[in-house]
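**Q** Sending over target26.txt (compact mmCIF, C-alpha atoms).
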# COMPACT_ATOMS: atom_id res chain seq x y z
CA MET A 225 -5.14 1.64 1.07
CA SER A 226 -7.80 4.01 -0.19
CA ASP A 227 -11.45 2.97 0.11
CA VAL A 228 -12.05 3.87 -3.53
CA TYR A 229 -10.54 3.00 -6.88
CA GLU A 230 -9.23 6.17 -8.49
CA PRO A 231 -11.36 6.92 -11.58
CA THR A 232 -9.14 6.88 -14.69
CA GLU A 233 -9.71 7.69 -18.32
CA ARG A 234 -10.72 4.06 -18.86
CA THR A 235 -13.04 3.69 -15.88
CA THR A 236 -14.69 7.11 -15.69
CA VAL A 237 -18.39 6.43 -16.22
CA THR A 238 -19.33 8.78 -19.07
CA ARG A 239 -22.95 7.74 -19.48
CA LEU A 240 -25.30 8.59 -16.57
CA PRO A 241 -22.40 9.24 -14.15
CA ALA A 242 -24.77 9.06 -11.16
CA ARG A 243 -24.83 5.29 -11.70
CA GLY A 244 -21.06 4.95 -11.37
CA ALA A 245 -19.33 3.80 -8.20
CA TYR A 246 -15.70 3.42 -7.31
CA ASP A 247 -16.04 2.20 -3.71
CA ARG A 248 -13.74 -0.71 -3.12
CA ALA A 249 -16.32 -2.53 -0.97
CA VAL A 250 -19.02 -2.15 -3.63
CA VAL A 251 -16.73 -3.40 -6.39
CA HIS A 252 -15.64 -6.37 -4.28
CA GLN A 253 -19.17 -7.36 -3.37
CA ILE A 254 -20.34 -7.36 -6.98
CA LEU A 255 -17.33 -9.44 -8.03
CA ASP A 256 -17.79 -11.88 -5.16
CA GLU A 257 -21.49 -12.50 -5.81
CA ALA A 258 -20.86 -13.60 -9.38
CA LEU A 259 -20.53 -17.21 -10.52
CA ILE A 260 -18.80 -16.19 -13.74
CA CYS A 261 -17.09 -13.23 -15.31
CA HIS A 262 -16.63 -12.28 -18.95
CA LEU A 263 -12.95 -11.92 -19.73
CA GLY A 264 -11.87 -9.73 -22.63
CA PHE A 265 -8.51 -9.80 -24.41
CA VAL A 266 -7.14 -8.88 -27.81
CA VAL A 267 -5.46 -11.07 -30.42
CA ASN A 268 -4.19 -9.27 -33.52
CA GLY A 269 -6.59 -6.38 -32.97
CA GLN A 270 -9.60 -8.68 -32.60
CA PRO A 271 -11.46 -8.60 -29.27
CA PHE A 272 -12.37 -11.94 -27.67
CA VAL A 273 -14.88 -12.19 -24.81
CA ILE A 274 -14.98 -15.51 -22.97
CA PRO A 275 -17.08 -16.58 -19.96
CA THR A 276 -15.08 -18.16 -17.17
CA ILE A 277 -15.26 -18.71 -13.43
CA HIS A 278 -13.18 -16.45 -11.24
CA VAL A 279 -12.39 -15.68 -7.64
CA ARG A 280 -11.23 -12.46 -6.06
CA VAL A 281 -8.63 -12.66 -3.31
CA GLY A 282 -7.72 -9.24 -2.00
CA GLU A 283 -6.94 -7.01 -4.98
CA THR A 284 -6.43 -9.84 -7.47
CA ILE A 285 -8.84 -11.77 -9.67
CA TYR A 286 -7.87 -15.35 -10.49
CA VAL A 287 -9.08 -17.44 -13.40
CA HIS A 288 -8.00 -20.92 -14.42
CA GLY A 289 -8.27 -23.41 -17.21
CA SER A 290 -6.40 -25.73 -19.49
CA PRO A 291 -2.99 -24.74 -20.80
CA ALA A 292 -4.49 -25.56 -24.22
CA SER A 293 -7.16 -22.87 -24.13
CA ARG A 294 -6.73 -20.02 -26.57
CA MET A 295 -7.82 -17.54 -23.92
CA LEU A 296 -5.30 -18.56 -21.34
CA ARG A 297 -2.45 -19.05 -23.78
CA THR A 298 -2.98 -15.45 -24.87
CA LEU A 299 -3.25 -13.96 -21.41
CA GLU A 300 -0.17 -15.82 -20.30
CA GLN A 301 1.85 -13.48 -22.47
CA GLY A 302 0.79 -10.56 -20.32
CA VAL A 303 -1.62 -8.74 -22.63
CA PRO A 304 -4.09 -6.23 -21.19
CA ALA A 305 -7.29 -7.84 -19.97
CA CYS A 306 -10.77 -6.63 -18.99
CA VAL A 307 -12.87 -8.58 -16.49
CA THR A 308 -16.58 -7.74 -16.42
CA VAL A 309 -19.18 -9.11 -14.04
CA THR A 310 -22.90 -8.40 -14.36
CA HIS A 311 -25.90 -9.21 -12.19
CA VAL A 312 -29.27 -8.73 -13.86
CA ASP A 313 -31.61 -7.73 -11.02
CA GLY A 314 -34.77 -6.81 -12.85
CA LEU A 315 -36.57 -5.49 -15.89
CA VAL A 316 -37.61 -1.86 -15.52
CA LEU A 317 -40.93 -1.45 -17.30
CA ALA A 318 -41.61 2.23 -17.91
CA ARG A 319 -44.58 3.93 -19.54
CA SER A 320 -42.52 4.85 -22.59
CA ALA A 321 -40.23 2.63 -24.64
CA PHE A 322 -37.45 5.19 -24.24
CA HIS A 323 -37.32 4.84 -20.45
CA HIS A 324 -37.35 1.06 -20.33
CA SER A 325 -34.25 -0.12 -18.54
CA MET A 326 -32.75 -2.84 -16.40
CA ASN A 327 -31.83 -2.93 -12.76
CA TYR A 328 -28.34 -4.36 -12.63
CA ARG A 329 -24.99 -4.29 -10.88
CA SER A 330 -21.87 -4.55 -12.98
CA VAL A 331 -18.15 -4.14 -12.48
CA VAL A 332 -15.44 -3.56 -15.06
CA VAL A 333 -11.84 -4.30 -14.04
CA PHE A 334 -8.68 -3.61 -16.03
CA GLY A 335 -5.45 -5.44 -15.35
CA THR A 336 -2.64 -7.39 -16.93
CA ALA A 337 -2.53 -11.14 -16.34
CA THR A 338 0.46 -13.05 -15.08
CA VAL A 339 0.87 -16.81 -14.70
CA VAL A 340 0.88 -18.35 -11.24
CA ASP A 341 3.65 -20.95 -11.33
CA ASP A 342 4.21 -22.02 -7.74
CA PRO A 343 2.27 -25.28 -7.11
CA ALA A 344 1.43 -24.43 -3.48
CA THR A 345 -0.02 -21.08 -4.53
CA LYS A 346 -1.97 -22.70 -7.38
CA PHE A 347 -3.37 -25.20 -4.89
CA GLU A 348 -4.58 -22.39 -2.62
CA ILE A 349 -6.17 -20.53 -5.53
CA LEU A 350 -8.04 -23.64 -6.68
CA HIS A 351 -9.18 -24.00 -3.07
CA ALA A 352 -10.48 -20.41 -3.17
CA LEU A 353 -12.10 -20.86 -6.61
CA THR A 354 -13.95 -23.99 -5.52
CA ASN A 355 -15.21 -22.60 -2.25
CA HIS A 356 -16.16 -19.30 -3.92
CA LEU A 357 -18.57 -21.24 -6.13
CA ILE A 358 -19.92 -23.37 -3.31
CA ARG A 359 -18.54 -22.89 0.14
CA GLY A 360 -17.48 -26.01 1.96
CA ARG A 361 -17.08 -28.13 -1.14
CA TRP A 362 -13.28 -28.22 -1.19
CA GLU A 363 -13.07 -29.88 2.21
CA GLU A 364 -15.15 -32.89 1.04
CA ILE A 365 -13.66 -33.71 -2.33
CA ARG A 366 -10.46 -35.20 -3.62
CA GLN A 367 -8.05 -32.33 -3.93
CA PRO A 368 -5.80 -31.89 -6.97
CA SER A 369 -2.86 -34.23 -7.50
CA PRO A 370 0.52 -32.79 -8.53
CA GLU A 371 -0.22 -33.97 -12.10
CA GLU A 372 -3.64 -32.25 -12.10
CA LEU A 373 -2.00 -29.08 -10.81
CA ARG A 374 0.48 -29.22 -13.70
CA ARG A 375 -2.44 -29.59 -16.11
CA THR A 376 -4.15 -26.48 -14.72
CA LEU A 377 -3.08 -23.01 -15.76
CA VAL A 378 -3.83 -20.32 -13.18
CA LEU A 379 -3.70 -16.64 -14.04
CA ALA A 380 -3.66 -13.64 -11.73
CA ILE A 381 -5.19 -10.38 -12.90
CA PRO A 382 -4.45 -7.54 -10.45
CA ILE A 383 -7.26 -5.00 -10.10
CA GLU A 384 -5.34 -2.06 -11.54
CA GLU A 385 -8.48 0.00 -12.25
CA ALA A 386 -12.12 -0.74 -11.50
CA SER A 387 -15.55 0.81 -11.55
CA ALA A 388 -19.07 -0.34 -10.77
CA LYS A 389 -22.37 0.64 -12.36
CA ILE A 390 -25.59 0.09 -10.49
CA ARG A 391 -29.22 0.83 -11.28
CA VAL A 392 -31.93 0.27 -8.70
CA GLY A 393 -35.51 1.39 -8.22
CA PRO A 394 -38.63 2.07 -10.25
CA PRO A 395 -38.80 3.47 -13.78
CA LEU A 396 -38.27 7.19 -14.28
CA ASP A 397 -40.79 8.39 -16.84
CA GLU A 398 -41.43 11.72 -18.50
CA GLU A 399 -43.78 13.71 -16.28
CA GLU A 400 -46.50 13.81 -18.94
CA ASP A 401 -46.44 10.00 -19.27
CA TYR A 402 -47.35 9.18 -15.67
CA ASP A 403 -51.07 9.30 -16.47
CA LEU A 404 -50.88 6.71 -19.25
CA PRO A 405 -53.07 3.69 -18.47
CA VAL A 406 -50.26 1.12 -18.53
CA TRP A 407 -48.75 -0.96 -15.76
CA ALA A 408 -45.27 0.23 -14.81
CA GLY A 409 -42.79 -1.10 -12.31
CA VAL A 410 -40.01 -3.60 -11.89
CA LEU A 411 -39.97 -7.31 -12.60
CA PRO A 412 -37.31 -8.67 -10.21
CA LEU A 413 -34.98 -11.39 -11.51
CA THR A 414 -32.65 -13.67 -9.57
CA LEU A 415 -30.48 -16.65 -10.36
CA SER A 416 -31.97 -19.39 -8.24
CA ALA A 417 -31.06 -22.98 -7.55
CA GLY A 418 -33.33 -25.94 -8.18
CA GLU A 419 -33.39 -29.39 -6.65
CA PRO A 420 -29.90 -30.98 -6.66
CA ARG A 421 -29.71 -33.80 -9.24
CA PRO A 422 -27.61 -36.74 -8.07
CA ASP A 423 -25.08 -38.30 -10.42
CA PRO A 424 -26.57 -41.54 -11.84
CA ARG A 425 -23.56 -43.39 -10.44
CA LEU A 426 -23.98 -42.04 -6.90
CA ALA A 427 -24.63 -44.52 -4.12
CA PRO A 428 -28.34 -43.98 -3.34
CA GLU A 429 -27.93 -43.39 0.39
CA THR A 430 -25.49 -40.47 -0.10
CA ALA A 431 -26.86 -37.39 1.64
CA VAL A 432 -27.10 -34.08 -0.20
CA PRO A 433 -24.75 -31.65 1.59
CA ALA A 434 -26.35 -28.59 3.18
CA TYR A 435 -24.40 -26.22 0.91
CA ALA A 436 -26.08 -27.79 -2.14
CA ALA A 437 -29.52 -28.26 -0.64
CA LYS A 438 -29.69 -24.58 0.36
CA PHE A 439 -27.47 -22.85 -2.17
CA GLY A 440 -27.50 -19.13 -1.56
CA GLY A 441 -25.11 -18.10 -4.30
CA PRO A 442 -21.35 -17.80 -4.36
CA ALA A 443 -19.45 -16.67 -1.30
CA PRO A 444 -16.50 -14.32 -0.89
CA ALA A 445 -13.26 -16.28 -1.03
CA TYR A 446 -11.89 -15.06 2.30
CA MET B 113 -28.03 -20.46 -46.52
CA SER B 114 -26.07 -23.18 -44.77
CA ASP B 115 -27.43 -24.60 -41.53
CA VAL B 116 -24.05 -24.14 -39.88
CA TYR B 117 -21.60 -21.33 -39.32
CA GLU B 118 -18.30 -22.24 -40.97
CA PRO B 119 -15.67 -22.74 -38.22
CA THR B 120 -12.84 -20.24 -38.67
CA GLU B 121 -9.53 -19.69 -37.01
CA ARG B 122 -11.30 -17.40 -34.51
CA THR B 123 -14.26 -19.62 -33.75
CA THR B 124 -12.75 -23.10 -33.83
CA VAL B 125 -13.23 -24.50 -30.34
CA THR B 126 -9.74 -25.59 -29.32
CA ARG B 127 -10.51 -26.75 -25.79
CA LEU B 128 -12.74 -29.84 -25.46
CA PRO B 129 -13.93 -29.63 -29.09
CA ALA B 130 -16.82 -32.01 -28.36
CA ARG B 131 -18.48 -29.12 -26.57
CA GLY B 132 -18.40 -26.87 -29.65
CA ALA B 133 -21.38 -26.35 -31.93
CA TYR B 134 -21.77 -24.37 -35.10
CA ASP B 135 -25.44 -25.09 -35.87
CA ARG B 136 -27.22 -21.93 -36.83
CA ALA B 137 -30.38 -22.93 -34.92
CA VAL B 138 -28.41 -23.66 -31.74
CA VAL B 139 -26.51 -20.37 -31.94
CA HIS B 140 -29.74 -18.45 -32.55
CA GLN B 141 -31.57 -20.05 -29.66
CA ILE B 142 -28.79 -19.29 -27.17
CA LEU B 143 -28.66 -15.67 -28.35
CA ASP B 144 -32.44 -15.31 -28.21
CA GLU B 145 -32.82 -16.69 -24.69
CA ALA B 146 -30.43 -14.12 -23.24
CA LEU B 147 -31.49 -10.87 -21.59
CA ILE B 148 -28.04 -9.35 -22.04
CA CYS B 149 -24.85 -9.89 -23.95
CA HIS B 150 -21.28 -8.88 -23.16
CA LEU B 151 -19.91 -6.75 -25.95
CA GLY B 152 -16.16 -6.57 -26.48
CA PHE B 153 -14.25 -3.92 -28.44
CA VAL B 154 -10.76 -2.46 -28.47
CA VAL B 155 -9.63 1.12 -27.86
CA ASN B 156 -5.90 1.76 -28.30
CA GLY B 157 -5.07 -1.89 -27.72
CA GLN B 158 -7.13 -2.06 -24.52
CA PRO B 159 -10.06 -4.50 -24.45
CA PHE B 160 -13.37 -3.24 -23.06
CA VAL B 161 -16.21 -5.61 -22.13
CA ILE B 162 -19.59 -4.01 -21.51
CA PRO B 163 -22.95 -5.61 -20.64
CA THR B 164 -25.82 -4.45 -22.81
CA ILE B 165 -29.19 -5.64 -24.04
CA HIS B 166 -29.40 -6.99 -27.57
CA VAL B 167 -31.76 -8.54 -30.03
CA ARG B 168 -31.06 -10.84 -32.96
CA VAL B 169 -33.04 -10.36 -36.14
CA GLY B 170 -32.03 -12.84 -38.81
CA GLU B 171 -28.25 -12.82 -39.06
CA THR B 172 -27.74 -9.49 -37.29
CA ILE B 173 -27.40 -8.57 -33.64
CA TYR B 174 -28.61 -5.10 -32.65
CA VAL B 175 -27.61 -3.10 -29.59
CA HIS B 176 -28.60 0.41 -28.65
CA GLY B 177 -27.75 3.18 -26.27
CA SER B 178 -26.95 6.82 -25.88
CA PRO B 179 -24.82 8.54 -28.52
CA ALA B 180 -22.73 9.68 -25.51
CA SER B 181 -21.66 6.20 -24.45
CA ARG B 182 -18.00 5.33 -24.92
CA MET B 183 -18.91 1.88 -26.12
CA LEU B 184 -21.21 2.98 -28.87
CA ARG B 185 -19.08 5.91 -29.98
CA THR B 186 -16.24 3.47 -30.51
CA LEU B 187 -18.24 0.86 -32.35
CA GLU B 188 -19.76 3.49 -34.60
CA GLN B 189 -16.37 3.79 -36.24
CA GLY B 190 -16.61 0.23 -37.46
CA VAL B 191 -14.07 -1.50 -35.23
CA PRO B 192 -14.21 -5.30 -34.82
CA ALA B 193 -16.58 -6.43 -32.09
CA CYS B 194 -17.19 -9.62 -30.16
CA VAL B 195 -20.63 -10.42 -28.73
CA THR B 196 -20.77 -13.14 -26.08
CA VAL B 197 -23.85 -14.57 -24.42
CA THR B 198 -23.75 -17.04 -21.54
CA HIS B 199 -26.41 -19.01 -19.71
CA VAL B 200 -25.29 -20.59 -16.45
CA ASP B 201 -27.39 -23.75 -16.15
CA GLY B 202 -25.85 -25.47 -13.17
CA LEU B 203 -22.89 -26.23 -10.96
CA VAL B 204 -21.31 -29.60 -11.71
CA LEU B 205 -20.11 -31.07 -8.43
CA ALA B 206 -17.64 -33.85 -9.10
CA ARG B 207 -15.81 -36.11 -6.69
CA SER B 208 -12.50 -34.40 -7.43
CA ALA B 209 -11.74 -30.69 -7.53
CA PHE B 210 -10.22 -31.13 -10.98
CA HIS B 211 -13.49 -32.31 -12.54
CA HIS B 212 -15.71 -29.64 -11.06
CA SER B 213 -17.37 -27.76 -13.86
CA MET B 214 -20.42 -25.81 -14.89
CA ASN B 215 -23.30 -26.66 -17.15
CA TYR B 216 -23.70 -23.72 -19.47
CA ARG B 217 -24.59 -22.59 -22.96
CA SER B 218 -22.56 -19.80 -24.51
CA VAL B 219 -22.18 -18.20 -27.91
CA VAL B 220 -19.35 -16.08 -29.25
CA VAL B 221 -20.06 -13.92 -32.32
CA PHE B 222 -17.60 -11.85 -34.32
CA GLY B 223 -18.70 -8.97 -36.51
CA THR B 224 -18.11 -5.34 -37.34
CA ALA B 225 -20.68 -2.81 -36.17
CA THR B 226 -22.35 -0.24 -38.38
CA VAL B 227 -24.72 2.56 -37.38
CA VAL B 228 -28.40 2.28 -38.26
CA ASP B 229 -29.40 5.77 -39.44
CA ASP B 230 -32.83 5.41 -40.99
CA PRO B 231 -35.46 6.43 -38.37
CA ALA B 232 -38.06 3.91 -39.58
CA THR B 233 -35.54 1.08 -39.29
CA LYS B 234 -34.42 2.29 -35.85
CA PHE B 235 -38.05 2.31 -34.77
CA GLU B 236 -38.49 -1.30 -35.87
CA ILE B 237 -35.30 -2.38 -34.08
CA LEU B 238 -36.41 -0.73 -30.83
CA HIS B 239 -39.71 -2.57 -31.27
CA ALA B 240 -37.80 -5.85 -31.62
CA LEU B 241 -35.50 -5.05 -28.65
CA THR B 242 -38.43 -4.25 -26.37
CA ASN B 243 -40.48 -7.29 -27.30
CA HIS B 244 -37.42 -9.52 -27.12
CA LEU B 245 -37.06 -8.60 -23.45
CA ILE B 246 -40.74 -8.96 -22.69
CA ARG B 247 -43.08 -9.92 -25.49
CA GLY B 248 -46.18 -7.77 -25.88
CA ARG B 249 -44.79 -4.78 -24.02
CA TRP B 250 -44.22 -2.55 -27.05
CA GLU B 251 -47.89 -2.59 -28.02
CA GLU B 252 -48.94 -1.13 -24.63
CA ILE B 253 -46.44 1.66 -24.08
CA ARG B 254 -45.76 5.07 -25.55
CA GLN B 255 -43.53 4.45 -28.52
CA PRO B 256 -40.49 6.62 -29.25
CA SER B 257 -40.94 10.19 -30.48
CA PRO B 258 -38.80 11.46 -33.37
CA GLU B 259 -36.68 13.31 -30.78
CA GLU B 260 -36.20 10.15 -28.69
CA LEU B 261 -35.23 8.26 -31.84
CA ARG B 262 -32.59 10.90 -32.56
CA ARG B 263 -31.28 10.50 -29.01
CA THR B 264 -30.91 6.73 -29.45
CA LEU B 265 -27.96 5.25 -31.25
CA VAL B 266 -28.64 1.83 -32.82
CA LEU B 267 -25.83 -0.40 -34.01
CA ALA B 268 -26.00 -3.47 -36.23
CA ILE B 269 -23.45 -6.25 -35.78
CA PRO B 270 -23.73 -8.84 -38.55
CA ILE B 271 -23.01 -12.40 -37.43
CA GLU B 272 -19.88 -12.88 -39.55
CA GLU B 273 -18.60 -15.85 -37.52
CA ALA B 274 -20.18 -17.66 -34.59
CA SER B 275 -19.78 -20.69 -32.38
CA ALA B 276 -21.57 -22.15 -29.40
CA LYS B 277 -20.22 -24.07 -26.43
CA ILE B 278 -22.51 -26.25 -24.39
CA ARG B 279 -22.01 -28.50 -21.40
CA VAL B 280 -24.82 -30.65 -20.06
CA GLY B 281 -25.12 -33.65 -17.82
CA PRO B 282 -23.55 -35.10 -14.69
CA PRO B 283 -19.90 -34.82 -13.63
CA LEU B 284 -17.32 -37.01 -15.34
CA ASP B 285 -14.93 -38.28 -12.69
CA GLU B 286 -11.80 -40.39 -12.80
CA GLU B 287 -12.84 -44.03 -12.63
CA GLU B 288 -11.03 -44.58 -9.31
CA ASP B 289 -12.89 -41.65 -7.70
CA TYR B 290 -16.42 -42.99 -8.16
CA ASP B 291 -16.24 -44.86 -4.85
CA LEU B 292 -15.41 -41.78 -2.78
CA PRO B 293 -18.07 -41.14 -0.12
CA VAL B 294 -19.05 -37.69 -1.36
CA TRP B 295 -22.25 -36.43 -2.94
CA ALA B 296 -21.84 -35.71 -6.64
CA GLY B 297 -24.26 -34.34 -9.17
CA VAL B 298 -25.59 -31.12 -10.61
CA LEU B 299 -27.09 -28.15 -8.86
CA PRO B 300 -29.41 -26.61 -11.49
CA LEU B 301 -29.54 -22.82 -11.75
CA THR B 302 -32.05 -20.63 -13.56
CA LEU B 303 -32.79 -16.95 -13.82
CA SER B 304 -36.27 -16.65 -12.40
CA ALA B 305 -38.72 -13.80 -12.00
CA GLY B 306 -40.20 -12.68 -8.70
CA GLU B 307 -43.42 -10.85 -7.93
CA PRO B 308 -43.77 -7.71 -10.12
CA ARG B 309 -43.25 -4.53 -8.05
CA PRO B 310 -45.54 -1.70 -9.09
CA ASP B 311 -44.14 1.79 -9.54
CA PRO B 312 -45.02 3.86 -6.43
CA ARG B 313 -46.76 6.36 -8.72
CA LEU B 314 -48.92 3.72 -10.44
CA ALA B 315 -52.70 4.03 -10.10
CA PRO B 316 -53.58 1.26 -7.61
CA GLU B 317 -56.20 -0.44 -9.77
CA THR B 318 -53.79 -0.99 -12.71
CA ALA B 319 -53.67 -4.69 -13.56
CA VAL B 320 -50.35 -6.49 -13.90
CA PRO B 321 -50.10 -7.63 -17.53
CA ALA B 322 -49.92 -11.38 -18.13
CA TYR B 323 -46.44 -11.10 -19.70
CA ALA B 324 -45.09 -9.68 -16.42
CA ALA B 325 -47.11 -11.88 -14.06
CA LYS B 326 -45.85 -15.03 -15.81
CA PHE B 327 -42.49 -14.03 -17.25
CA GLY B 328 -40.90 -16.97 -18.96
CA GLY B 329 -37.74 -15.27 -20.15
CA PRO B 330 -36.96 -13.34 -23.31
CA ALA B 331 -38.53 -14.32 -26.60
CA PRO B 332 -37.11 -14.53 -30.13
CA ALA B 333 -37.61 -11.22 -31.92
CA TYR B 334 -39.38 -12.68 -34.94
How would this structure read if it were set down as structure tokens?
**A**
Amino acid sequence: MSDVYEPTERTTVTRLPARGAYDRAVVHQILDEALICHLGFVVNGQPFVIPTIHVRVGETIYVHGSPASRMLRTLEQGVPACVTVTHVDGLVLARSAFHHSMNYRSVVVFGTATVVDDPATKFEILHALTNHLIRGRWEEIRQPSPEELRRTLVLAIPIEEASAKIRVGPPLDEEEDYDLPVWAGVLPLTLSAGEPRPDPRLAPETAVPAYAAKFGGPAPAY
Amino acid sequence: MSDVYEPTERTTVTRLPARGAYDRAVVHQILDEALICHLGFVVNGQPFVIPTIHVRVGETIYVHGSPASRMLRTLEQGVPACVTVTHVDGLVLARSAFHHSMNYRSVVVFGTATVVDDPATKFEILHALTNHLIRGRWEEIRQPSPEELRRTLVLAIPIEEASAKIRVGPPLDEEEDYDLPVWAGVLPLTLSAGEPRPDPRLAPETAVPAYAAKFGGPAPAY
């Protein structure tokens, strides 16, 4: 398998091409670090964009939900989908309004969804989804019953085409603006975890697991 | 003007309707707190979902970019758009895999984009965009030249239909699972700012402005 996704008409980065990346490892890492994706699909010509949790396993992105959801009922029919993941890493404060920007890492994936029907496979994907969000959780909790599996729709979206866009570093101003007497630089931003809040019905002596006490963000599935 | 957005076929929350909200003030606040949105549009039946910064002014969402971008060239033609904003507020760790969830606030807006041509209006929208990201910044920086304004495409997306989805609070487990010996609760998550990083070319004595030293997140435009 090639180390890069072949740029296509849909994924060729037309704006500031230097920011575009097609490396498989880069695309995977950005997908794997994200807690949620934004999933796009079309119903009667109207675009819908819905936030949902996801997990990547190999070259497939999985999402799940209720069989009643409009999103998943639509995708089940095999319509084209777009999965976009974005990490906001910082505000780029330039000396001019025009050169203000954001440091970010984003990935856009195109693929067509299919339904995962086999219960054993669904079970393994829910395992991956759970441990992607918070590694180690699956092993401690009550795993899905056959009835719960039936009530969960799982969709597979193969990564048919993908590209990443990344901006890092300080602002890039017009040469004549560098002498302006204004602070310029980057304000870093990260999604960070606070103190775990126990369920009011939790037995008071229950210890907070290490994966929740020191949450470092989602983990690759495998 | 009504305090609520009328639910339509597109915005009626079909899954867990108790989580749906149509209050104008709730929708506005979720939009205003977000640094970025995910903008969906359709080209030849294919959905595209692109992250971009936005600002809401009244009942309109504005986005901007280069006239060369695929996204904005498409929207300029007046195709239907979907703007989605999501705040991830926490991981909901239940006693069963099935009841794991996320605390979040999201808004989905439908509208058709039009181009903002008038330079004075574009100037005011860039003002609003900049100060939405970081209030007070616009007043300190070099504002756009007529040439920079020409090189910036601004699009207006009226909020024709909108809905919010919100989940808060602890996990909701099956009654028989509450006795399981596993920690359950919420792991809160927030986007937080780190220490501002000065541009390497900044004069060393330049003070960090208060809005960057104590960034509290984006502000409503007006």
**Q** At most 10 Å from (-39.6, 8.9, -16.0), file frame, only C-alpha atoms: which residues, as a list in words?
**A** Ala318, Arg319, Ser320, Phe322, His323, His324, Pro394, Pro395, Leu396, Asp397, Glu398, Glu399, Glu400, Asp401 and Tyr402 of chain A
**Q** Any idea what the distance is between atom CA of A:Ala434 and atom CA of B:Val294?
**A** 12.5 Å
**Q** If we count only C-alpha atoms, what is near A:Thr354 at a cut-off of 10 Å, once residues fewer than 5 positions away on the same chain are taken out, given as a list in words?
**A**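 Listed by chain and then number, they are Ile277, His278, Val279, Glu348, Ile349, Arg359, Gly360, Arg361, Trp362, Glu363, Pro442 and Ala445 of chain A; Leu205, Ala209, Phe210, His212 and Ser213 of chain B.
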**Q** Looking at only C-alpha atoms, which of B:Pro159, B:Gly328, B:Gly281, B:Gly177 is the one that sits closest to chain A?
**A**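 Checking each candidate against chain A, we get B:Pro159 as the closest.
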**Q** Choose the residue, out of B:Asn215, B:His176, B:Leu203, B:Asp144, that has the smallest atom-to-atom separation from A:His356; count all atoms listed in the file.
**A**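 Between B:Asn215, B:His176, B:Leu203, B:Asp144, the residue approaching A:His356 most closely is B:Leu203.
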**Q** Using Å and a single decimal, report how far atom CA of A:Ala352 sits from atom CA of A:Leu373.
**A**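 Straight-line distance from atom CA of A:Leu373 to atom CA of A:Ala352 works out to 14.3 Å.
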**Q** Restricting the calculation to all atoms listed in the file, which member of A:Thr232, A:Ser369, A:Asn355, A:Thr310 is positioned closest to A:His262?
**A** A:Thr310
**Q** Give the answer as one residue: which of B:Phe235, B:Tyr117, B:Tyr134, B:Phe160 has the shortest atom-to-atom distance to chain A, using only C-alpha atoms?
**A** B:Phe160
**Q** One number please: atom CA of B:Pro163 to atom CA of A:Ile254, in Å, one decimal.
**A** 14.0 Å
**Q** Which is closest to A:Leu357 among B:Met214, B:Pro231, B:Glu171, B:Asn156, if we use only C-alpha atoms?
**A**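 That would be B:Met214, the residue with the smallest distance to A:Leu357.
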**Q** Considering only C-alpha atoms, state which residue in the set B:Val139, B:Val220, B:Ala331, B:Val200 is at the smallest distance from B:Leu299.
**A** B:Val200
**Q** Take every atom of stretch 183-195 of chain B listed in the file, pad by 6 Å on each side, and give me the axis-aligned box centre and edge lengths in Å, one decimal, as lines of an AutoDock Vina configuration file.
**A**
center_x = -17.6
center_y = -2.3
center_z = -31.8
size_x = 19.1
size_y = 28.3
size_z = 23.3
**Q** Anything within 8 Å of (-29.6, -25.4, -10.5): list those residues as a list in words, counting only C-alpha atoms and sticking to the file's coordinates.
**A** Ser416, Ala417, Gly418, Glu419 and Pro420 of chain A; Asp201, Gly202, Leu203, Val298, Leu299, Pro300, Leu301 and Thr302 of chain B
**Q** Near stretch 269-278 of chain B, within 8 Å and counting all atoms listed in the file, which residues show up once chain neighbours fewer than 3 positions away are dropped, as a short mmCIF file (atom, residue, chain, number, x, y, z; two decimals) with C-alpha atoms, in the coordinates of the input?
**A**
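Output contents, as saved in selection.cif:
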data_model
loop_
_atom_site.label_atom_id
_atom_site.label_comp_id
_atom_site.auth_asym_id
_atom_site.auth_seq_id
_atom_site.Cartn_x
_atom_site.Cartn_y
_atom_site.Cartn_z
CA TYR B 117 -21.60 -21.33 -39.32
CA GLU B 118 -18.30 -22.24 -40.97
CA PRO B 119 -15.67 -22.74 -38.22
CA THR B 120 -12.84 -20.24 -38.67
CA THR B 123 -14.26 -19.62 -33.75
CA THR B 124 -12.75 -23.10 -33.83
CA VAL B 125 -13.23 -24.50 -30.34
CA ARG B 131 -18.48 -29.12 -26.57
CA GLY B 132 -18.40 -26.87 -29.65
CA ALA B 133 -21.38 -26.35 -31.93
CA TYR B 134 -21.77 -24.37 -35.10
CA ASP B 135 -25.44 -25.09 -35.87
CA VAL B 138 -28.41 -23.66 -31.74
CA VAL B 139 -26.51 -20.37 -31.94
CA GLU B 171 -28.25 -12.82 -39.06
CA THR B 172 -27.74 -9.49 -37.29
CA ILE B 173 -27.40 -8.57 -33.64
CA TYR B 174 -28.61 -5.10 -32.65
CA ALA B 193 -16.58 -6.43 -32.09
CA ASN B 215 -23.30 -26.66 -17.15
CA TYR B 216 -23.70 -23.72 -19.47
CA ARG B 217 -24.59 -22.59 -22.96
CA SER B 218 -22.56 -19.80 -24.51
CA VAL B 219 -22.18 -18.20 -27.91
CA VAL B 220 -19.35 -16.08 -29.25
CA VAL B 221 -20.06 -13.92 -32.32
CA PHE B 222 -17.60 -11.85 -34.32
CA GLY B 223 -18.70 -8.97 -36.51
CA THR B 224 -18.11 -5.34 -37.34
CA ALA B 225 -20.68 -2.81 -36.17
CA THR B 226 -22.35 -0.24 -38.38
#
